[in-house]
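Raw work.txt, compact mmCIF, C-alpha atoms:
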# COMPACT_ATOMS: atom_id res chain seq x y z
CA MET A 990 0.00 0.00 0.00
CA SER A 991 1.30 3.41 -0.91
CA PRO A 992 1.58 5.79 2.02
CA HIS A 993 -0.81 8.15 0.26
CA ASP A 994 -3.88 6.01 -0.31
CA GLY A 995 -6.77 4.73 1.77
CA LYS A 996 -6.80 4.92 5.54
CA HIS A 997 -3.04 5.26 5.76
CA ALA A 998 -3.09 8.65 4.11
CA HIS A 999 -1.46 11.02 6.58
CA PRO A 1000 -3.56 10.86 9.75
CA HIS A 1001 -1.00 13.22 11.26
CA ASP A 1002 -2.09 16.64 10.08
CA HIS A 1003 -4.13 17.79 13.05
CA GLY A 1004 -1.98 20.72 14.14
CA GLU A 1005 -3.41 23.41 16.43
CA PRO A 1006 -0.61 25.97 16.54
CA GLY A 1007 -2.97 28.37 18.34
CA LEU A 1008 -2.57 26.22 21.47
CA ALA A 1009 0.87 27.75 21.99
CA GLU A 1010 -0.70 31.15 22.65
CA HIS A 1011 -2.04 29.91 25.98
CA HIS A 1012 1.53 29.76 27.25
CA HIS A 1013 1.99 33.52 26.78
CA ILE A 1014 0.41 34.07 30.18
CA HIS A 1015 3.51 32.77 31.95
CA ALA A 1016 5.46 35.94 31.25
CA GLN A 1017 2.99 37.87 33.44
CA LEU A 1018 2.88 35.49 36.41
CA PRO A 1019 5.22 35.35 39.43
CA SER A 1020 8.43 33.43 38.86
CA ASP A 1021 8.18 31.51 42.14
CA PRO A 1022 6.34 28.26 41.34
CA ALA A 1023 5.27 27.85 44.98
CA LEU A 1024 3.15 31.01 44.70
CA ARG A 1025 1.67 30.07 41.33
CA VAL A 1026 0.85 26.49 42.35
CA LYS A 1027 -0.78 27.69 45.58
CA ALA A 1028 -2.96 30.09 43.58
CA LEU A 1029 -3.88 27.32 41.13
CA GLU A 1030 -4.92 24.96 43.93
CA SER A 1031 -7.03 27.72 45.46
CA LEU A 1032 -8.70 28.48 42.12
CA LEU A 1033 -9.34 24.84 41.21
CA THR A 1034 -10.78 24.21 44.67
CA GLU A 1035 -13.12 27.21 44.42
CA LYS A 1036 -14.22 26.08 40.96
CA GLY A 1037 -14.90 22.56 42.18
CA LEU A 1038 -12.27 21.14 39.80
CA VAL A 1039 -10.17 19.58 42.54
CA ASP A 1040 -10.74 18.25 46.04
CA PRO A 1041 -7.68 19.04 48.20
CA ALA A 1042 -8.27 15.74 50.02
CA ALA A 1043 -7.83 13.92 46.68
CA ILE A 1044 -4.51 15.73 46.19
CA ASP A 1045 -3.48 14.48 49.63
CA ALA A 1046 -4.53 10.95 48.66
CA TRP A 1047 -2.48 10.95 45.42
CA VAL A 1048 0.58 12.25 47.27
CA GLU A 1049 0.15 9.69 50.03
CA LEU A 1050 -0.22 6.90 47.47
CA TYR A 1051 3.13 7.67 45.84
CA GLU A 1052 4.89 8.52 49.11
CA SER A 1053 3.99 5.35 50.94
CA LYS A 1054 2.50 2.69 48.69
CA ILE A 1055 3.84 2.81 45.12
CA GLY A 1056 7.60 2.80 44.63
CA PRO A 1057 10.59 0.80 43.39
CA ARG A 1058 10.33 -1.85 46.11
CA ILE A 1059 7.40 -3.26 44.12
CA GLY A 1060 9.57 -3.71 41.04
CA ALA A 1061 12.39 -5.11 43.18
CA LYS A 1062 10.09 -7.85 44.48
CA VAL A 1063 9.14 -8.75 40.92
CA VAL A 1064 12.80 -9.00 39.91
CA ALA A 1065 13.69 -11.08 42.98
CA LYS A 1066 10.77 -13.41 42.23
CA SER A 1067 12.05 -13.81 38.67
CA TRP A 1068 15.51 -14.72 40.02
CA THR A 1069 14.14 -17.47 42.26
CA ASP A 1070 11.20 -18.77 40.23
CA PRO A 1071 12.25 -19.83 36.70
CA ASP A 1072 8.66 -20.45 35.67
CA PHE A 1073 7.65 -16.92 36.68
CA LYS A 1074 10.71 -15.47 34.93
CA GLN A 1075 9.78 -17.24 31.72
CA ARG A 1076 6.21 -15.90 31.91
CA LEU A 1077 7.42 -12.40 32.80
CA LEU A 1078 9.77 -12.22 29.82
CA ALA A 1079 7.23 -13.79 27.46
CA ASP A 1080 4.24 -11.62 28.43
CA ALA A 1081 4.88 -9.15 31.24
CA THR A 1082 1.38 -7.66 31.04
CA ARG A 1083 -0.13 -11.05 31.80
CA ALA A 1084 2.46 -12.07 34.41
CA LEU A 1085 2.17 -8.76 36.29
CA GLY A 1086 -1.60 -8.76 35.90
CA GLU A 1087 -1.71 -12.10 37.72
CA LEU A 1088 0.05 -10.35 40.62
CA ASP A 1089 -2.33 -7.36 40.39
CA LEU A 1090 0.61 -5.05 39.66
CA LEU A 1091 -0.70 -3.25 36.59
CA GLY A 1092 -1.99 0.32 36.77
CA ASN A 1093 -1.92 3.77 35.24
CA GLN A 1094 1.30 4.26 33.23
CA GLY A 1095 1.94 0.56 33.43
CA GLN A 1096 -1.05 -1.26 31.91
CA HIS A 1097 0.99 -2.57 28.94
CA MET A 1098 4.30 -3.99 30.11
CA VAL A 1099 7.40 -5.53 28.55
CA ALA A 1100 10.19 -6.97 30.72
CA VAL A 1101 13.69 -7.22 29.26
CA GLU A 1102 16.54 -9.20 30.79
CA ASN A 1103 20.08 -7.96 31.18
CA THR A 1104 22.68 -10.63 30.45
CA PRO A 1105 26.43 -10.64 29.76
CA GLN A 1106 25.47 -10.41 26.07
CA THR A 1107 22.86 -7.60 26.19
CA HIS A 1108 22.42 -4.59 28.47
CA ASN A 1109 19.00 -2.91 28.27
CA MET A 1110 18.30 0.71 29.22
CA VAL A 1111 14.99 2.61 29.25
CA VAL A 1112 14.27 6.23 28.35
CA CYS A 1113 11.45 8.45 27.13
CA THR A 1114 13.12 10.92 24.77
CA LEU A 1115 9.82 12.76 24.13
CA CYS A 1116 8.52 13.25 27.69
CA SER A 1117 8.78 11.23 30.90
CA CYS A 1118 7.12 7.83 30.37
CA TYR A 1119 8.03 5.44 33.17
CA PRO A 1120 6.49 2.27 34.67
CA LEU A 1121 4.83 4.02 37.62
CA PRO A 1122 3.05 1.01 39.20
CA LEU A 1123 6.38 -0.84 39.53
CA LEU A 1124 8.89 1.94 40.15
CA GLY A 1125 6.88 4.86 41.51
CA LEU A 1126 7.73 8.39 40.37
CA PRO A 1127 10.76 8.81 38.14
CA PRO A 1128 13.87 10.55 39.48
CA ALA A 1129 14.58 14.07 38.22
CA TRP A 1130 17.51 12.94 36.06
CA TYR A 1131 15.28 10.51 34.14
CA LYS A 1132 13.06 13.45 33.05
CA SER A 1133 16.01 15.77 32.36
CA ALA A 1134 17.30 16.97 29.00
CA PRO A 1135 20.79 15.49 29.54
CA TYR A 1136 19.52 11.93 30.00
CA ARG A 1137 16.78 12.10 27.37
CA SER A 1138 19.09 13.59 24.74
CA ARG A 1139 22.17 11.47 25.29
CA VAL A 1140 21.11 7.95 26.17
CA VAL A 1141 20.01 7.14 22.61
CA ILE A 1142 23.31 8.31 21.08
CA ASP A 1143 25.88 7.74 23.84
CA PRO A 1144 24.49 5.15 26.26
CA ARG A 1145 27.94 3.98 27.32
CA GLY A 1146 28.93 7.55 28.19
CA VAL A 1147 25.77 7.91 30.26
CA LEU A 1148 26.48 4.60 31.99
CA LYS A 1149 29.95 5.84 32.98
CA GLU A 1150 28.30 8.76 34.78
CA PHE A 1151 26.40 6.17 36.81
CA GLY A 1152 29.62 4.28 37.51
CA VAL A 1153 28.81 1.41 35.17
CA LYS A 1154 31.37 0.21 32.63
CA LEU A 1155 30.28 -2.51 30.24
CA PRO A 1156 32.55 -4.83 28.28
CA ALA A 1157 32.86 -3.69 24.66
CA GLU A 1158 31.38 -6.99 23.49
CA THR A 1159 28.13 -6.43 25.40
CA LYS A 1160 25.36 -5.07 23.17
CA VAL A 1161 23.49 -2.05 24.53
CA ARG A 1162 19.82 -1.87 23.59
CA VAL A 1163 18.02 1.36 24.50
CA TRP A 1164 14.22 1.25 24.72
CA ASP A 1165 12.63 4.60 23.91
CA SER A 1166 9.14 4.58 25.49
CA THR A 1167 7.38 6.46 22.70
CA ALA A 1168 3.97 4.76 23.17
CA GLU A 1169 1.98 3.44 26.14
CA VAL A 1170 4.14 0.35 26.54
CA ARG A 1171 6.30 0.55 29.65
CA TYR A 1172 9.59 -1.30 30.09
CA LEU A 1173 11.04 -3.03 33.14
CA VAL A 1174 14.69 -4.08 33.05
CA VAL A 1175 15.40 -7.33 34.88
CA PRO A 1176 19.01 -6.88 36.02
CA GLU A 1177 21.49 -9.74 36.16
CA ARG A 1178 21.42 -11.68 39.40
CA PRO A 1179 24.68 -10.95 41.22
CA LYS A 1180 27.16 -13.75 41.83
CA GLY A 1181 27.37 -15.13 45.35
CA THR A 1182 23.64 -14.91 46.00
CA GLU A 1183 22.88 -18.62 45.80
CA GLY A 1184 20.59 -19.67 48.62
CA MET A 1185 19.43 -16.14 49.44
CA SER A 1186 15.72 -15.65 50.05
CA GLU A 1187 13.48 -13.66 47.74
CA GLU A 1188 13.31 -10.93 50.37
CA GLN A 1189 17.10 -10.77 50.73
CA LEU A 1190 17.48 -10.65 46.96
CA ALA A 1191 14.91 -7.86 46.59
CA ALA A 1192 17.11 -5.66 48.81
CA LEU A 1193 19.85 -5.94 46.15
CA VAL A 1194 17.60 -4.65 43.36
CA THR A 1195 18.02 -0.89 43.00
CA ARG A 1196 15.70 1.42 41.11
CA ASP A 1197 18.47 2.29 38.68
CA SER A 1198 19.11 -1.40 37.96
CA MET A 1199 15.49 -1.65 36.77
CA ILE A 1200 15.96 1.37 34.45
CA GLY A 1201 19.25 -0.03 33.19
CA THR A 1202 21.48 2.78 34.47
CA GLY A 1203 22.75 0.58 37.28
CA GLN A 1204 23.36 -3.01 38.22
CA ALA A 1205 22.02 -5.00 41.13
CA LEU A 1206 24.04 -4.63 44.33
CA LYS A 1207 26.53 -7.28 45.35
CA PRO A 1208 25.62 -9.26 48.48
CA GLY A 1209 26.62 -7.33 51.59
CA ALA A 1210 26.16 -3.98 49.83
CA ALA A 1211 22.41 -3.72 50.46
CA LYS A 1212 21.30 -0.87 52.65
CA PRO A 1213 19.84 -1.94 56.00
CA MET B 695 5.72 19.02 15.91
CA ASN B 696 9.47 19.45 15.64
CA GLY B 697 9.60 20.81 19.18
CA ILE B 698 12.12 21.27 21.95
CA HIS B 699 10.69 18.18 23.68
CA ASP B 700 12.08 15.90 20.95
CA LEU B 701 15.51 15.63 22.54
CA GLY B 702 16.87 12.28 21.38
CA GLY B 703 20.39 12.56 19.98
CA MET B 704 21.03 16.21 20.84
CA HIS B 705 24.36 17.37 22.19
CA GLY B 706 25.09 20.18 24.61
CA HIS B 707 22.69 19.50 27.49
CA GLY B 708 25.52 18.52 29.83
CA PRO B 709 26.13 15.49 32.02
CA VAL B 710 23.38 13.47 33.68
CA ALA B 711 23.32 14.46 37.33
CA PRO B 712 21.94 11.66 39.52
CA GLU B 713 21.38 12.78 43.11
CA THR B 714 22.31 10.62 46.06
CA ASN B 715 19.20 9.77 48.09
CA GLU B 716 17.04 11.95 45.86
CA PRO B 717 13.85 13.06 47.65
CA LEU B 718 10.49 12.28 46.06
CA TRP B 719 9.74 16.02 45.95
CA HIS B 720 12.25 18.87 45.86
CA ALA B 721 9.71 21.31 47.36
CA PRO B 722 6.23 20.92 48.87
CA TRP B 723 4.59 22.61 45.85
CA GLU B 724 5.78 19.77 43.61
CA ALA B 725 3.66 17.31 45.61
CA ARG B 726 0.62 19.62 45.40
CA MET B 727 1.07 20.04 41.64
CA PHE B 728 1.44 16.28 41.15
CA GLY B 729 -1.74 15.57 43.11
CA MET B 730 -3.61 18.39 41.37
CA ARG B 731 -2.83 16.99 37.94
CA ARG B 732 -3.73 13.43 38.92
CA GLY B 733 -6.85 14.35 40.87
CA GLY B 734 -8.01 17.50 39.08
CA THR B 735 -10.63 17.73 36.37
CA LEU B 736 -9.41 18.80 32.93
CA PRO B 737 -11.47 20.30 30.09
CA PRO B 738 -13.02 17.94 27.50
CA GLY B 739 -10.49 16.40 25.15
CA TYR B 740 -7.62 16.59 27.66
CA ASN B 741 -6.57 12.97 27.49
CA ILE B 742 -2.92 11.98 28.02
CA ASP B 743 -2.03 12.76 24.40
CA ARG B 744 -3.45 16.29 24.40
CA TRP B 745 -1.80 16.83 27.78
CA ARG B 746 1.57 15.80 26.32
CA HIS B 747 1.01 18.05 23.32
CA VAL B 748 0.21 21.12 25.39
CA ARG B 749 3.34 20.40 27.43
CA GLU B 750 5.51 20.18 24.32
CA MET B 751 4.18 23.60 23.24
CA ILE B 752 5.77 25.27 26.27
CA PRO B 753 8.15 27.86 24.75
CA PRO B 754 11.63 26.33 24.36
CA ASP B 755 13.32 28.72 26.82
CA LEU B 756 10.81 27.84 29.55
CA TYR B 757 10.84 24.15 28.61
CA LEU B 758 14.57 23.96 29.28
CA SER B 759 14.79 26.33 32.25
CA ARG B 760 11.79 25.33 34.36
CA SER B 761 11.55 22.14 36.39
CA TYR B 762 9.35 19.16 35.63
CA TYR B 763 6.40 19.89 37.88
CA ASP B 764 6.46 23.52 36.74
CA HIS B 765 5.82 22.06 33.26
CA TRP B 766 2.75 20.45 34.79
CA TYR B 767 1.67 23.83 36.20
CA MET B 768 2.13 25.54 32.83
CA SER B 769 0.32 22.73 31.02
CA TYR B 770 -2.63 22.72 33.43
CA VAL B 771 -2.98 26.49 33.06
CA ALA B 772 -2.83 26.25 29.26
CA ALA B 773 -5.48 23.50 29.33
CA LEU B 774 -7.80 25.64 31.47
CA LEU B 775 -7.39 28.62 29.15
CA ASP B 776 -7.78 26.45 26.04
CA GLY B 777 -10.95 24.86 27.39
CA GLY B 778 -12.38 28.22 28.45
CA TRP B 779 -12.52 26.97 32.03
CA ALA B 780 -10.55 29.86 33.55
CA THR B 781 -9.46 33.34 32.61
CA ALA B 782 -6.00 34.83 32.85
CA GLU B 783 -7.26 37.03 35.70
CA GLU B 784 -8.47 33.99 37.65
CA ILE B 785 -5.15 32.19 37.13
CA ALA B 786 -3.26 35.24 38.39
CA SER B 787 -5.51 35.92 41.40
CA GLY B 788 -6.15 32.32 42.45
CA HIS B 789 -9.84 33.12 42.89
CA VAL B 790 -12.89 32.45 40.81
CA ALA B 791 -14.50 35.47 39.14
CA PRO B 792 -17.92 36.47 40.60
CA ASP B 793 -19.68 35.08 37.54
CA GLY B 794 -17.33 32.10 37.14
CA ALA B 795 -18.78 28.61 36.70
CA LYS B 796 -18.43 26.02 39.45
CA ARG B 797 -18.67 22.23 39.32
CA ASN B 798 -19.21 19.55 41.93
CA ASP B 799 -17.77 16.46 40.26
CA ALA B 800 -14.08 16.57 41.27
CA MET B 801 -12.37 13.25 42.01
CA ARG B 802 -12.91 12.22 45.63
CA PRO B 803 -10.20 10.59 47.77
CA ASP B 804 -11.98 7.21 47.55
CA GLN B 805 -11.75 7.39 43.74
CA VAL B 806 -7.96 7.74 43.72
CA TRP B 807 -7.04 4.06 44.02
CA PRO B 808 -9.56 2.91 41.38
CA ALA B 809 -8.21 5.61 39.05
CA GLN B 810 -4.67 4.38 39.67
CA LYS B 811 -5.59 0.77 38.98
CA LYS B 812 -8.08 1.08 36.12
CA SER B 813 -7.09 4.06 33.99
CA GLY B 814 -4.60 4.18 31.18
CA VAL B 815 -5.56 1.14 29.06
CA PHE B 816 -4.77 2.02 25.43
CA THR B 817 -5.15 -1.28 23.59
CA ARG B 818 -7.98 -1.31 21.04
CA THR B 819 -9.32 -3.72 18.46
CA VAL B 820 -8.12 -2.98 14.92
CA ASP B 821 -10.06 -4.60 12.10
CA THR B 822 -7.22 -4.75 9.59
CA PRO B 823 -4.43 -7.32 9.79
CA PRO B 824 -0.98 -5.94 10.66
CA LEU B 825 0.92 -4.65 7.62
CA PHE B 826 4.28 -5.64 9.08
CA ALA B 827 5.65 -8.84 10.57
CA ILE B 828 8.23 -9.38 13.29
CA GLY B 829 11.66 -9.50 11.64
CA GLN B 830 10.61 -7.36 8.66
CA ARG B 831 12.68 -4.36 7.55
CA VAL B 832 10.73 -1.11 7.75
CA ARG B 833 11.56 2.55 7.28
CA ALA B 834 10.29 5.21 9.65
CA ARG B 835 8.69 7.73 7.37
CA ASN B 836 10.25 11.12 6.83
CA ILE B 837 7.24 13.14 7.92
CA HIS B 838 7.04 16.33 9.98
CA PRO B 839 3.51 16.73 11.33
CA VAL B 840 2.89 20.15 12.87
CA GLY B 841 0.63 18.63 15.54
CA HIS B 842 1.32 15.94 18.13
CA THR B 843 3.24 12.85 17.09
CA ARG B 844 5.26 10.18 18.85
CA LEU B 845 7.63 9.60 15.95
CA PRO B 846 10.93 11.02 17.22
CA ARG B 847 13.06 12.94 14.74
CA TYR B 848 16.15 10.78 15.24
CA VAL B 849 14.48 7.73 13.66
CA ARG B 850 12.73 9.48 10.73
CA GLY B 851 13.95 8.16 7.40
CA LYS B 852 15.88 5.35 9.13
CA VAL B 853 15.53 1.63 8.46
CA GLY B 854 14.95 -0.78 11.33
CA ILE B 855 13.68 -4.27 12.05
CA VAL B 856 10.25 -4.96 13.54
CA HIS B 857 11.07 -6.45 16.94
CA LEU B 858 7.65 -6.68 18.66
CA HIS B 859 4.01 -6.28 17.64
CA HIS B 860 1.71 -4.92 20.37
CA GLY B 861 -1.67 -5.13 18.61
CA GLY B 862 -3.91 -2.10 18.22
CA HIS B 863 -3.24 1.04 20.27
CA VAL B 864 -4.87 4.49 20.36
CA LEU B 865 -3.09 6.82 17.88
CA PRO B 866 -1.76 9.89 19.73
CA ASP B 867 -1.59 11.96 16.54
CA ALA B 868 -5.40 11.88 16.33
CA ASN B 869 -6.30 11.54 20.01
CA ALA B 870 -4.37 14.67 20.99
CA HIS B 871 -6.44 16.78 18.62
CA LYS B 872 -9.99 15.65 19.41
CA ALA B 873 -9.97 13.56 16.22
CA GLY B 874 -10.90 10.27 17.88
CA GLU B 875 -8.77 7.34 18.96
CA ALA B 876 -8.07 6.09 15.39
CA PRO B 877 -6.32 2.95 16.70
CA GLN B 878 -3.55 1.37 14.64
CA HIS B 879 -1.17 -1.53 15.02
CA LEU B 880 1.78 -0.62 17.21
CA TYR B 881 5.26 -2.09 16.74
CA THR B 882 8.61 -1.90 18.49
CA VAL B 883 11.22 -1.23 15.82
CA ALA B 884 14.94 -1.78 16.48
CA PHE B 885 17.39 0.58 14.78
CA SER B 886 21.12 -0.11 14.73
CA PHE B 887 23.33 2.73 15.96
CA ARG B 888 25.18 2.59 12.62
CA GLU B 889 21.88 3.32 10.85
CA LEU B 890 20.97 6.10 13.28
CA TRP B 891 24.33 7.73 13.85
CA GLY B 892 26.59 6.70 11.00
CA PRO B 893 29.73 4.61 10.48
CA ASP B 894 31.53 5.89 13.60
CA ALA B 895 28.81 4.57 15.92
CA SER B 896 28.93 1.26 17.77
CA ALA B 897 28.42 -1.74 15.53
CA ARG B 898 26.59 -3.59 18.32
CA ASP B 899 24.30 -1.08 20.00
CA GLU B 900 20.75 -0.35 19.00
CA ALA B 901 17.77 1.78 19.97
CA CYS B 902 14.16 0.60 19.90
CA ALA B 903 11.15 2.87 19.54
CA ASP B 904 7.43 2.07 19.68
CA LEU B 905 5.93 3.19 16.38
CA TRP B 906 2.41 3.12 14.97
CA GLU B 907 1.75 1.57 11.58
CA SER B 908 1.25 4.86 9.71
CA TYR B 909 4.71 5.97 10.90
CA LEU B 910 6.24 3.12 8.89
CA GLU B 911 6.69 1.96 5.31
CA PRO B 912 8.22 -1.23 3.90
CA ALA B 913 11.97 -1.03 3.31
In structure tokens, what does this structure look like?
Amino acid sequence: MSPHDGKHAHPHDHGEPGLAEHHHIHAQLPSDPALRVKALESLLTEKGLVDPAAIDAWVELYESKIGPRIGAKVVAKSWTDPDFKQRLLADATRALGELDLLGNQGQHMVAVENTPQTHNMVVCTLCSCYPLPLLGLPPAWYKSAPYRSRVVIDPRGVLKEFGVKLPAETKVRVWDSTAEVRYLVVPERPKGTEGMSEEQLAALVTRDSMIGTGQALKPGAAKP
Amino acid sequence: MNGIHDLGGMHGHGPVAPETNEPLWHAPWEARMFGMRRGGTLPPGYNIDRWRHVREMIPPDLYLSRSYYDHWYMSYVAALLDGGWATAEEIASGHVAPDGAKRNDAMRPDQVWPAQKKSGVFTRTVDTPPLFAIGQRVRARNIHPVGHTRLPRYVRGKVGIVHLHHGGHVLPDANAHKAGEAPQHLYTVAFSFRELWGPDASARDEACADLWESYLEPA
């Protein structure tokens, strides 16, 4: 099919350049975001567009319930349960759904395994897509211009800044989260962890190791 | 749009600066802004794609100089103005105008967990069979839509291999502009660094992007 016929004719020409004009207001507002955000909360509350108690509930959810320890448990389970690991790598959406671990910004999941042959890293070059239900909120560096610009052209240079040096023969595969699929890196299980429990192993799984900018901790290096 | 948000492959933004023991919020207002965006009502048509588009229309100087949750503030304000749900005076004062409309359907605290668990499913049935098969060579089309798109510039015109097929997904290019969900087959395409960055790049490394069918042509 030619790109110019039928339903595949450019469905991409929906521009609304006028939208940009709504950003002109920012030149007239205070520079301090604390003041502006406080005014916005007050306005939205008065208009009935937000319930401050719902703001509290969202904050509480991500401060105390949803964070990288969830992903770490999944990785540790994959290290100790070969059947689960196989299901996770074959169809992460199904495997995580069975554990009730899907959710907003993580309804469609792919898990990729780091091995001596292949090192996977995750980015969203266009915005900030991140597997929230498994890792919680992304760190500031993940959303920053330096990481988003460089990791797809110089991943080994970025890794050095995280203290990770890969052998030249290891392939680096960078996953750019440009759609609604979210990626979880399953780091390599460290040597010397034979016989450790799932809980002990989970303590070795760092957030960065599940993004691919780090590796799992060696035994004895886990924080208390 | 060929905007400042499309950062992949740029030089000059400096080193990545991971923080030791980074806090979840760097100031209390960040937490309020996060909760406001997740729990607040947005004007009609403000799905995730339109939200991303209004964020990428932040002027480039502000996009690069203001922090992440300030982007959320600027985007929320632009959405309210775009939808006619607030005036510039109301945004500046923080108070509703005497004749301003009020609603009573804001998300309640007991609706937060269901929203977290249930929202954000983007798979849809597509009636046509997939045009491309896993392992097939495809070229990302050299197109430059002025509206929202999720086809990053650094892959346009480049040849890759279809690595995964995800079934039908909502098309952001349409969904961002109130043009319906227009679902299409979605693929992960793997591009070698040599293809993306030329003969000096690593012969082993590759980048994968998730691309909708109309972003691709046979190669």
If you count all atoms listed in the file, which residues fall within 12 Å of Thr843 of chain B, apart from same-chain ones fewer than 6 positions away, as a VMD selection string? (chain A and resid 999 to 1004 1115 to 1116 1167 to 1168) or (chain B and resid 695 to 697 699 to 700 743 to 744 746 to 747 750 837 850 865 to 871 904 to 906 908 to 909)
Residues of chain B within 6 Å of chain A, counting all atoms listed in the file - could you list those as a PyMOL selection string? chain B and resi 699-704+707-710+712+723+729-730+733-735+751+772+788-790+796-798+800+802-803+810-811+813-815+839-841+844+867+898-904+908
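Here atom CA of Val883 of chain B stands at a distance of 9.3 Å from atom CA of Gly829 of chain B.
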Would you compute the distance between atom CA of Ala1061 of chain A and atom CA of Ala1205 of chain A? Give it in Å to one decimal.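 Separation of atom CA of Ala1061 of chain A and atom CA of Ala1205 of chain A: 9.8 Å.
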Residue contacts of segment 1171-1187 of chain A (8 Å, all atoms listed in the file) excluding same-chain residues fewer than 3 positions away, as a PyMOL selection string: chain A and resi 1062+1064-1066+1068-1069+1094-1104+1109-1111+1118-1120+1164+1166+1190-1191+1194+1198-1201+1204-1208
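Atom CA of Lys852 of chain B to atom CA of Val820 of chain B spans 26.1 Å [interatomic distance, one decimal].
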Excluding Thr781 of chain B and any residue of its chain fewer than 6 positions from it, enumerate the residues within 9 Å of it, using all atoms listed in the file, and give them as a list of chain:residue names.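 Here the answer would be B:Leu774, B:Leu775, B:Val790, B:Ala791.
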Give me the residues within 8 Å of Pro1057 of chain A as a list in words, counting all atoms listed in the file and dropping any in the same chain fewer than 5 places off. Leu1123, Leu1124, Gly1125, Thr1195 and Arg1196 of chain A
Report the centre and edge lengths, in Å to one decimal, of an axis-aligned box enclosing every atom of segment 720-736 of chain B listed in the file, padded by 8 Å on each side, as lines of an AutoDock Vina configuration file.
center_x = 0.8
center_y = 18.0
center_z = 40.9
size_x = 38.9
size_y = 25.2
size_z = 31.9
Need the shell around Leu910 of chain B: protein/DNA/RNA residues with any atom at most 8 Å away, counting all atoms listed in the file. Skip same-chain ones fewer than 6 positions apart. Format as a VMD selection string? chain B and resid 832 to 835
Please work out which residues fall within 9 Å of (-9.9, 5.0, 20.1), coordinates as given in the file, with all atoms listed in the file counting, and return them as a PyMOL selection string. chain B and resi 816-819+863-865+869+874-877
Please, could you write that set of residues out with C-alpha atoms as a PDB file, keeping the file's coordinate frame?
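Generated output (result.pdb):
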ATOM      1  CA  PHE B 816      -4.770   2.020  25.430  1.00  0.00           C
ATOM      2  CA  THR B 817      -5.150  -1.280  23.590  1.00  0.00           C
ATOM      3  CA  ARG B 818      -7.980  -1.310  21.040  1.00  0.00           C
ATOM      4  CA  THR B 819      -9.320  -3.720  18.460  1.00  0.00           C
ATOM      5  CA  HIS B 863      -3.240   1.040  20.270  1.00  0.00           C
ATOM      6  CA  VAL B 864      -4.870   4.490  20.360  1.00  0.00           C
ATOM      7  CA  LEU B 865      -3.090   6.820  17.880  1.00  0.00           C
ATOM      8  CA  ASN B 869      -6.300  11.540  20.010  1.00  0.00           C
ATOM      9  CA  GLY B 874     -10.900  10.270  17.880  1.00  0.00           C
ATOM     10  CA  GLU B 875      -8.770   7.340  18.960  1.00  0.00           C
ATOM     11  CA  ALA B 876      -8.070   6.090  15.390  1.00  0.00           C
ATOM     12  CA  PRO B 877      -6.320   2.950  16.700  1.00  0.00           C
TER      13      PRO B 877
END
